[in-house]
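Okay, structure.txt now, which holds compact mmCIF, C-alpha atoms:
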# COMPACT_ATOMS: atom_id res chain seq x y z
CA MET A 1 109.54 109.21 61.19
CA SER A 2 106.02 109.47 62.63
CA PRO A 3 103.38 111.18 60.46
CA GLN A 4 102.14 114.64 61.40
CA LEU A 5 98.60 113.94 62.55
CA PRO A 6 95.79 116.49 62.92
CA THR A 7 93.55 116.27 65.95
CA ALA A 8 90.65 114.13 64.81
CA ARG A 9 87.54 116.35 64.83
CA LYS A 10 86.18 115.92 61.32
CA ILE A 11 85.07 112.34 60.78
CA SER A 12 83.94 110.66 57.58
CA VAL A 13 82.15 107.31 57.78
CA ILE A 14 81.86 105.22 54.63
CA GLY A 15 78.85 102.93 54.53
CA ALA A 16 75.43 103.75 56.02
CA GLY A 17 74.47 100.23 57.05
CA THR A 18 74.10 98.90 60.59
CA MET A 19 77.71 99.53 61.61
CA GLY A 20 78.15 102.78 59.68
CA ASN A 21 75.09 104.49 61.12
CA GLY A 22 76.06 103.32 64.61
CA ILE A 23 79.59 104.72 64.24
CA ALA A 24 78.24 108.03 62.89
CA HIS A 25 75.76 108.18 65.80
CA VAL A 26 78.47 107.72 68.44
CA PHE A 27 80.86 110.29 66.95
CA ALA A 28 78.11 112.89 66.47
CA GLN A 29 76.82 112.38 70.00
CA LYS A 30 80.31 113.12 71.32
CA GLY A 31 80.46 116.43 69.43
CA PHE A 32 82.34 115.41 66.29
CA THR A 33 81.36 116.65 62.82
CA VAL A 34 80.42 113.61 60.74
CA LYS A 35 79.98 113.04 57.02
CA LEU A 36 78.11 109.81 56.39
CA ILE A 37 78.84 108.49 52.88
CA ASP A 38 76.92 105.90 50.88
CA THR A 39 76.19 105.57 47.18
CA SER A 40 72.58 104.61 47.99
CA ALA A 41 70.31 107.57 48.81
CA PRO A 42 67.62 105.28 50.30
CA GLN A 43 70.25 103.70 52.56
CA LEU A 44 71.34 107.13 53.78
CA GLU A 45 67.74 108.08 54.50
CA LYS A 46 67.20 104.81 56.36
CA ALA A 47 70.41 105.37 58.35
CA LEU A 48 69.32 108.83 59.53
CA LYS A 49 65.94 107.46 60.59
CA THR A 50 67.67 104.64 62.49
CA ILE A 51 69.94 107.11 64.28
CA ALA A 52 66.93 109.26 65.22
CA THR A 53 65.11 106.19 66.56
CA ASN A 54 68.13 105.12 68.60
CA LEU A 55 68.48 108.64 70.00
CA ASP A 56 64.81 108.49 71.05
CA ARG A 57 65.57 105.21 72.81
CA GLN A 58 68.41 106.89 74.70
CA ILE A 59 66.07 109.75 75.69
CA THR A 60 63.51 107.26 77.01
CA LYS A 61 66.22 105.60 79.10
CA GLY A 62 67.38 108.96 80.47
CA LEU A 63 70.76 108.74 78.72
CA LEU A 64 70.17 111.80 76.54
CA LYS A 65 68.18 115.01 76.83
CA GLU A 66 65.49 115.81 74.26
CA GLU A 67 67.18 119.04 73.19
CA GLU A 68 70.44 117.18 72.48
CA LYS A 69 68.86 115.00 69.81
CA LYS A 70 68.56 117.83 67.26
CA ALA A 71 72.17 118.87 67.80
CA VAL A 72 73.41 115.31 67.25
CA LEU A 73 71.48 114.95 64.00
CA GLU A 74 72.66 118.35 62.76
CA ARG A 75 76.29 117.20 63.09
CA ILE A 76 75.70 114.42 60.53
CA THR A 77 75.80 115.29 56.82
CA PRO A 78 74.77 112.56 54.36
CA LEU A 79 76.73 112.43 51.09
CA GLY A 80 76.77 110.12 48.08
CA ALA A 81 80.39 110.30 46.90
CA ILE A 82 83.67 109.47 48.62
CA SER A 83 85.48 112.39 46.96
CA ASP A 84 82.99 114.90 48.43
CA GLY A 85 82.85 113.25 51.83
CA VAL A 86 86.53 112.88 52.73
CA SER A 87 88.16 115.99 51.27
CA GLY A 88 88.48 117.71 54.66
CA ALA A 89 88.52 114.70 56.96
CA ASP A 90 90.90 114.10 59.86
CA LEU A 91 89.75 110.49 60.18
CA VAL A 92 87.90 108.20 57.77
CA VAL A 93 86.23 105.08 59.12
CA GLU A 94 85.30 102.59 56.40
CA ALA A 95 82.29 100.47 57.40
CA ALA A 96 81.35 98.85 54.09
CA THR A 97 80.31 95.23 53.71
CA GLU A 98 82.82 92.58 54.83
CA ASN A 99 84.22 91.95 51.36
CA GLU A 100 87.93 92.22 50.66
CA ALA A 101 87.66 93.44 47.05
CA ILE A 102 85.17 96.16 48.02
CA LYS A 103 87.31 97.37 50.91
CA LEU A 104 90.53 97.44 48.89
CA ASN A 105 88.80 99.45 46.18
CA ILE A 106 87.50 101.94 48.75
CA PHE A 107 90.95 102.41 50.25
CA ARG A 108 92.48 103.04 46.83
CA GLN A 109 89.89 105.80 46.39
CA LEU A 110 90.61 107.16 49.87
CA ASP A 111 94.30 107.29 49.08
CA GLU A 112 93.52 109.63 46.20
CA ALA A 113 90.85 111.76 47.88
CA ALA A 114 91.72 112.09 51.58
CA PRO A 115 94.06 114.84 52.85
CA ALA A 116 97.67 114.09 53.71
CA GLY A 117 97.90 113.00 57.34
CA CYS A 118 94.27 111.85 57.47
CA ILE A 119 94.02 108.54 59.32
CA LEU A 120 92.34 105.80 57.29
CA ALA A 121 90.58 103.23 59.44
CA SER A 122 88.63 100.10 58.60
CA ASN A 123 85.85 98.61 60.71
CA THR A 124 86.68 95.20 59.24
CA SER A 125 86.09 92.26 61.56
CA SER A 126 88.61 89.94 59.89
CA ILE A 127 90.32 91.28 56.74
CA SER A 128 94.04 92.02 57.03
CA ILE A 129 94.84 95.64 57.91
CA SER A 130 98.32 95.12 56.45
CA LYS A 131 96.76 94.13 53.12
CA ILE A 132 94.37 97.09 53.22
CA GLY A 133 97.26 99.43 54.03
CA ALA A 134 99.30 98.01 51.15
CA ALA A 135 96.53 99.08 48.74
CA THR A 136 97.47 102.69 49.59
CA LYS A 137 100.62 104.79 49.38
CA ARG A 138 100.29 105.65 53.09
CA PRO A 139 100.14 102.37 55.04
CA SER A 140 101.58 104.06 58.15
CA VAL A 141 98.24 105.83 58.76
CA VAL A 142 96.02 102.80 58.04
CA ILE A 143 94.58 101.06 61.11
CA GLY A 144 91.68 98.85 62.14
CA LEU A 145 88.88 100.21 64.33
CA HIS A 146 86.59 97.25 64.96
CA PHE A 147 83.46 98.58 66.66
CA MET A 148 80.97 96.10 68.11
CA ASN A 149 77.27 95.93 67.26
CA PRO A 150 75.17 97.76 68.42
CA VAL A 151 77.76 100.52 68.36
CA PRO A 152 75.99 103.02 70.68
CA VAL A 153 75.71 100.32 73.37
CA MET A 154 78.84 98.15 73.14
CA LYS A 155 81.92 99.49 74.94
CA LEU A 156 84.69 97.67 73.09
CA ILE A 157 86.74 98.95 70.18
CA GLU A 158 89.29 96.41 68.93
CA ILE A 159 92.17 98.49 67.53
CA ILE A 160 94.23 96.56 64.98
CA ASN A 161 97.78 97.50 64.04
CA GLY A 162 98.76 96.68 60.48
CA TYR A 163 102.37 95.68 59.88
CA ALA A 164 103.22 99.26 58.83
CA THR A 165 100.88 101.20 61.18
CA ASP A 166 102.75 103.99 62.97
CA ALA A 167 102.73 103.96 66.79
CA ALA A 168 101.56 107.60 66.82
CA VAL A 169 98.43 106.59 64.90
CA THR A 170 97.70 103.80 67.36
CA LYS A 171 98.16 106.15 70.31
CA GLN A 172 95.78 108.72 68.83
CA MET A 173 93.13 106.07 68.13
CA VAL A 174 93.37 104.76 71.70
CA GLU A 175 92.83 108.29 73.00
CA LEU A 176 89.96 108.82 70.54
CA ALA A 177 88.24 105.60 71.65
CA GLU A 178 88.39 106.81 75.24
CA LYS A 179 86.87 110.15 74.24
CA LEU A 180 83.98 108.19 72.75
CA GLY A 181 83.46 106.48 76.09
CA LYS A 182 84.71 103.18 74.70
CA THR A 183 87.30 100.71 75.96
CA PRO A 184 90.13 100.29 73.43
CA CYS A 185 92.03 96.99 73.15
CA VAL A 186 95.05 97.00 70.85
CA VAL A 187 95.85 93.81 68.92
CA ASN A 188 98.10 92.81 66.05
CA ASP A 189 97.10 91.91 62.51
CA TYR A 190 96.52 88.18 62.21
CA PRO A 191 93.44 86.47 60.74
CA GLY A 192 90.34 87.23 62.80
CA PHE A 193 92.37 89.43 65.19
CA ILE A 194 91.18 88.39 68.69
CA ALA A 195 87.40 88.88 68.80
CA ASN A 196 86.55 86.72 65.81
CA ARG A 197 89.48 84.33 66.08
CA ILE A 198 87.88 83.15 69.33
CA LEU A 199 84.18 83.80 68.63
CA MET A 200 83.79 82.31 65.15
CA PRO A 201 85.15 78.82 65.94
CA MET A 202 82.67 78.69 68.84
CA ILE A 203 79.78 79.64 66.55
CA ASN A 204 81.00 77.17 63.92
CA GLU A 205 81.19 74.39 66.54
CA ALA A 206 77.63 75.19 67.65
CA ILE A 207 76.48 74.88 64.02
CA TYR A 208 78.36 71.59 63.67
CA SER A 209 76.65 70.31 66.84
CA LEU A 210 73.27 71.12 65.28
CA PHE A 211 74.34 69.67 61.90
CA GLU A 212 75.43 66.39 63.54
CA GLY A 213 72.22 66.09 65.58
CA VAL A 214 73.89 66.41 68.98
CA ALA A 215 71.21 68.87 70.15
CA GLY A 216 68.59 71.28 68.83
CA VAL A 217 68.80 75.04 68.32
CA ASN A 218 67.10 75.94 71.59
CA GLU A 219 69.10 73.39 73.60
CA ILE A 220 72.46 74.56 72.24
CA ASP A 221 71.71 78.21 72.94
CA THR A 222 70.18 77.56 76.36
CA ILE A 223 73.21 75.54 77.49
CA MET A 224 75.55 78.35 76.54
CA LYS A 225 73.34 81.05 78.11
CA LEU A 226 72.63 79.29 81.40
CA GLY A 227 75.78 77.22 81.69
CA MET A 228 78.37 79.73 80.46
CA ALA A 229 76.57 83.00 81.35
CA HIS A 230 76.51 84.17 77.73
CA PRO A 231 73.83 86.84 77.19
CA MET A 232 72.96 85.30 73.82
CA GLY A 233 73.42 81.77 72.53
CA PRO A 234 75.90 81.19 69.66
CA LEU A 235 73.21 80.36 67.08
CA GLN A 236 71.12 83.42 67.95
CA LEU A 237 74.31 85.51 67.89
CA ALA A 238 75.18 84.11 64.45
CA ASP A 239 71.74 85.18 63.21
CA PHE A 240 72.30 88.64 64.72
CA ILE A 241 75.74 89.05 63.10
CA GLY A 242 74.53 87.66 59.77
CA LEU A 243 75.30 84.11 58.63
CA ASP A 244 76.92 85.49 55.48
CA VAL A 245 79.30 87.55 57.61
CA CYS A 246 80.09 84.54 59.80
CA LEU A 247 80.86 82.47 56.71
CA SER A 248 83.08 85.20 55.29
CA ILE A 249 85.09 85.47 58.52
CA LEU A 250 85.48 81.70 58.83
CA ARG A 251 86.82 81.58 55.28
CA VAL A 252 89.36 84.29 56.14
CA LEU A 253 90.45 82.23 59.17
CA HIS A 254 90.59 79.00 57.17
CA ASP A 255 92.56 80.59 54.33
CA GLY A 256 94.84 82.53 56.69
CA PHE A 257 95.81 79.69 59.01
CA GLY A 258 95.28 76.70 56.70
CA GLN A 259 93.90 74.66 59.60
CA PRO A 260 90.83 72.41 59.22
CA LYS A 261 89.42 73.54 62.58
CA TYR A 262 88.38 76.81 60.90
CA ALA A 263 86.57 75.13 57.97
CA PRO A 264 82.96 76.39 57.81
CA CYS A 265 80.26 73.85 58.64
CA PRO A 266 78.44 72.61 55.48
CA LEU A 267 75.12 73.58 57.10
CA LEU A 268 76.28 77.20 57.36
CA VAL A 269 77.42 77.17 53.72
CA ASN A 270 74.07 75.78 52.57
CA MET A 271 72.05 78.29 54.60
CA VAL A 272 73.98 81.24 53.17
CA THR A 273 73.72 79.85 49.64
CA ALA A 274 69.95 79.55 50.07
CA GLY A 275 69.62 83.09 51.43
CA TYR A 276 68.81 82.23 55.06
CA LEU A 277 71.08 84.85 56.62
CA GLY A 278 69.48 85.40 60.03
CA VAL A 279 67.87 88.62 61.23
CA LYS A 280 68.62 90.56 58.03
CA SER A 281 66.69 88.07 55.85
CA GLY A 282 63.99 87.22 58.38
CA GLU A 283 65.12 83.65 59.00
CA GLY A 284 68.23 81.75 60.01
CA PHE A 285 68.32 79.41 62.97
CA TYR A 286 65.34 81.39 64.23
CA LYS A 287 62.34 82.95 62.46
CA TYR A 288 62.02 86.74 62.82
CA THR A 289 58.70 88.56 62.52
CA ALA A 290 58.53 92.36 62.37
CA GLY A 291 57.23 93.81 65.63
CA SER A 292 57.71 90.60 67.61
CA LYS A 293 60.42 89.99 70.21
CA ASP A 294 59.56 86.30 70.58
CA LEU A 295 62.47 83.95 69.87
CA VAL A 296 61.01 81.28 67.56
CA VAL A 297 63.17 78.45 66.25
CA SER A 298 62.95 78.09 62.46
CA SER A 299 60.59 75.26 61.49
CA ARG A 300 63.49 73.74 59.54
CA PHE A 301 65.07 72.83 62.87
CA TRP A 302 62.01 71.62 64.78
CA ARG A 303 62.72 68.33 66.51
Written form, C-alpha cells:
Amino acid sequence: MSPQLPTARKISVIGAGTMGNGIAHVFAQKGFTVKLIDTSAPQLEKALKTIATNLDRQITKGLLKEEEKKAVLERITPLGAISDGVSGADLVVEAATENEAIKLNIFRQLDEAAPAGCILASNTSSISISKIGAATKRPSVVIGLHFMNPVPVMKLIEIINGYATDAAVTKQMVELAEKLGKTPCVVNDYPGFIANRILMPMINEAIYSLFEGVAGVNEIDTIMKLGMAHPMGPLQLADFIGLDVCLSILRVLHDGFGQPKYAPCPLLVNMVTAGYLGVKSGEGFYKYTAGSKDLVVSSRFWR
C-alpha cells in the first residue's frame, strides 16, 4: 500500500555546505519554506551569505528582481538541531558530507524526529539508497535526490529509487523537480547510480594518464575540452568536485562492483592523504588563488 504523502511545501535541508546552501536557495526561490540545518553556526552564517551573493549574481544577470531577493532570504530559517528543523517537514533533503556512517546516523535521527509520511531524501552521489532506507523504519519513503553543483545553475536532478522506495514517492519527487525548473532523471540503486558510474572512471583514467606520464595536466584537460566538447577538463572538474569526494565515490564503486577498473589511482590517494583536495583546499591539479580566475597548473605537475 502506498504511503499517504503530504504535498511538499515545507522543506528541511540538512547540511549548510556547498550543496546544502544551493538546495536551500533553489527551494526558497521557488516559494517553498526552508529550514536549513547545521550544527555549525559559522557554517550557517557562511551559507546565508553565499545564498545572498548568488542571488545578487542572478539579479545582475537579469534572472531575478531586486525586490525578490529579500523574500527568498526570508523563507530560509537557519537552525542548529535536526529535531527542531524537521518536526513539521513534508520533505527532508540530507546534504551532509559524502560519508556513509554520517549519513546513516542522520537518517536514524530523521526516523525518530520527522513526521509520519515525510519523505526522506539524500543528496548522496554514490551511497546506496537501499542501505540508507534500511537504517530507518520507513524505507518506502526514502529516496535519492542527487542535485548537481552549482545547484542554482545545473538543471539535472538524478532521482534514485532504493529497493523499497514506493512508486508514489518517486512520482511526487519527479513532479517536485519539475516545479523547481529542473530536469528529473529516474535511475535505480546501484553503485554510483548513472552520473558517477560514468563520470568517475573517466576522471580516474585522466589521473592515471597523468600518473603514468602520458601527458600533462593542461594537455589532458585541453584534449577533453576541445576534442570532446566538455566545458571543463576532467582534472579541473575533479578539483571542483573535491578530490576527497572523488576518492570516496571510486571506493564505493570498487567495493560495490569488485572490479579493478574502479580502483582509485595511487596519485589520487596520495593527494587526498596529503590534503591537496582541489578548490576547497586551494590546490589540487591546479593552484587556486582567492580573487583570481586564472587557471594555473600546480607547480607539482610542471613539465
At what distance in Å, to one decimal, does atom CA of A:Ile23 lie from atom CA of A:Leu63?
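Distance reported for this atom pair: 17.4 Å.
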Find, counting all atoms listed in the file, the residue in A:Lys131, A:Gly213, A:Tyr262, A:Phe240 that gets nearest to A:Ile198.
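Using all atoms listed in the file, the shortest distance to A:Ile198 belongs to A:Tyr262.
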Expressed in Å, the length from atom CA of A:Ala114 to atom CA of A:Glu158 is 23.5 Å
Find the residues near A:Pro266: any atom within 12 Å, counting only C-alpha atoms, skip ones fewer than 4 places away on the same chain, and give them as a list in words.
Asn204, Glu205, Ile207, Tyr208, Ser209, Leu210, Phe211, Glu212, Leu247, Leu250, Asn270, Met271, Val272 and Thr273 of chain A
Residues of stretch 112-220 of chain A within 7 Å of stretch 81-98 of chain A: nearest atom pair and distance (Å, one decimal) for each, counting only C-alpha atoms, sorted by chain and number, as CSV?
residue,atom,partner,partner_atom,distance
A:Ala113,CA,A:Ser83,CA,5.5
A:Ala114,CA,A:Ser87,CA,5.3
A:Pro115,CA,A:Ser87,CA,6.2
A:Cys118,CA,A:Asp90,CA,4.7
A:Ile119,CA,A:Leu91,CA,4.8
A:Leu120,CA,A:Val92,CA,5.1
A:Ala121,CA,A:Val93,CA,4.7
A:Ser122,CA,A:Glu94,CA,4.7
A:Asn123,CA,A:Ala95,CA,5.2
A:Thr124,CA,A:Glu98,CA,6.4
Kindly give the distance, in Å, that separates atom CA of A:Lys35 and atom CA of A:Ser12, rounded to a single decimal.
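Those two atoms sit 4.7 Å apart.
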Would you kindly return, as a list in words, each protein, DNA or RNA residue with an atom no farther than 12 Å from any atom of A:Leu79, considering all atoms listed in the file and excluding same-chain residues fewer than 5 positions away?
Ser12, Val13, Ile14, Gly15, Ala16, Val34, Lys35, Leu36, Ile37, Asp38, Thr39, Ser40, Ala41, Pro42, Gln43, Leu44, Glu45, Ala47, Leu48, Asp84, Gly85, Val86 and Ser87 of chain A
Counting all atoms listed in the file, I want the residues whose atoms come within 12 Å of (64.2, 87.0, 69.2) in the file frame, returned as a list in words.
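Answer for this query, in the requested form: Asn218, Met232, Gly233, Leu235, Gln236, Leu237, Asp239, Phe240, Gly278, Val279, Gly282, Glu283, Gly284, Phe285, Tyr286, Lys287, Tyr288, Thr289, Ala290, Gly291, Ser292, Lys293, Asp294, Leu295, Val296, Val297 and Ser298 of chain A.
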Quick one: of A:Ala101, A:Gly31, A:Tyr190, A:Trp302, who's nearest to A:Gly216, counting all atoms listed in the file?
A:Trp302
From the list A:Asn21, A:Asn149, A:Thr222, A:Asn188, which residue is nearest A:Tyr163 when using all atoms listed in the file?
A:Asn188
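Each of A:Lys280, A:Arg197, A:Arg138, A:Lys182 was checked against A:Ser125 using all atoms listed in the file; the smallest atom-to-atom distance is that of A:Arg197.
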Just give me the residues with any atom within 10 Å of (103.0, 100.8, 60.1), file coordinates, counting all atoms listed in the file, written as JSON, numbers by chain.
{"A": [2, 129, 130, 133, 138, 139, 140, 141, 142, 143, 161, 162, 163, 164, 165, 166, 167, 168, 169, 170]}
Which residue of A:Ala195, A:Pro152, A:Thr183, A:Leu268 approaches A:Asn54 most closely, using all atoms listed in the file:
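Nearest candidate to A:Asn54 out of A:Ala195, A:Pro152, A:Thr183, A:Leu268: A:Pro152.
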I need stretch 52-103 of chain A from the structure I supplied, saved as a compact mmCIF listing (two decimals), in the first residue's frame with C-alpha atoms retained.
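Once written, part-v4.txt looks like this:
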# COMPACT_ATOMS: atom_id res chain seq x y z
CA ALA A 52 22.74 36.25 -0.81
CA THR A 53 25.78 36.58 -3.08
CA ASN A 54 24.36 34.08 -5.56
CA LEU A 55 21.03 35.93 -5.56
CA ASP A 56 22.91 39.15 -6.34
CA ARG A 57 24.56 37.36 -9.25
CA GLN A 58 21.14 36.35 -10.56
CA ILE A 59 19.95 39.97 -10.24
CA THR A 60 22.96 41.18 -12.22
CA LYS A 61 22.16 38.67 -14.96
CA GLY A 62 18.51 39.75 -15.04
CA LEU A 63 17.27 36.40 -13.74
CA LEU A 64 15.81 37.84 -10.53
CA LYS A 65 14.34 41.15 -9.46
CA GLU A 66 15.94 43.09 -6.60
CA GLU A 67 12.76 43.03 -4.51
CA GLU A 68 12.58 39.23 -4.78
CA LYS A 69 15.91 38.74 -3.02
CA LYS A 70 14.57 39.73 0.42
CA ALA A 71 11.58 37.41 0.07
CA VAL A 72 13.82 34.46 -0.84
CA LEU A 73 16.09 35.02 2.16
CA GLU A 74 13.10 35.41 4.50
CA ARG A 75 11.88 31.93 3.51
CA ILE A 76 15.09 30.35 4.87
CA THR A 77 15.38 29.73 8.62
CA PRO A 78 18.76 28.56 9.94
CA LEU A 79 18.67 26.02 12.78
CA GLY A 80 21.28 24.04 14.69
CA ALA A 81 19.43 20.83 15.60
CA ILE A 82 17.77 18.16 13.47
CA SER A 83 14.94 17.68 15.98
CA ASP A 84 13.97 21.38 15.74
CA GLY A 85 14.39 21.57 11.99
CA VAL A 86 12.38 18.59 10.77
CA SER A 87 9.43 18.42 13.17
CA GLY A 88 6.97 19.90 10.67
CA ALA A 89 8.66 18.98 7.40
CA ASP A 90 6.99 17.48 4.34
CA LEU A 91 10.37 16.70 2.76
CA VAL A 92 13.86 16.45 4.25
CA VAL A 93 16.87 16.63 1.95
CA GLU A 94 20.08 15.43 3.59
CA ALA A 95 23.15 17.13 2.08
CA ALA A 96 25.85 16.22 4.59
CA THR A 97 29.36 15.17 3.65
CA GLU A 98 29.71 12.07 1.45
CA ASN A 99 30.38 9.68 4.32
CA GLU A 100 28.28 6.57 4.82
CA ALA A 101 28.48 6.45 8.63
CA ILE A 102 27.48 10.12 8.93
CA LYS A 103 24.54 9.72 6.56
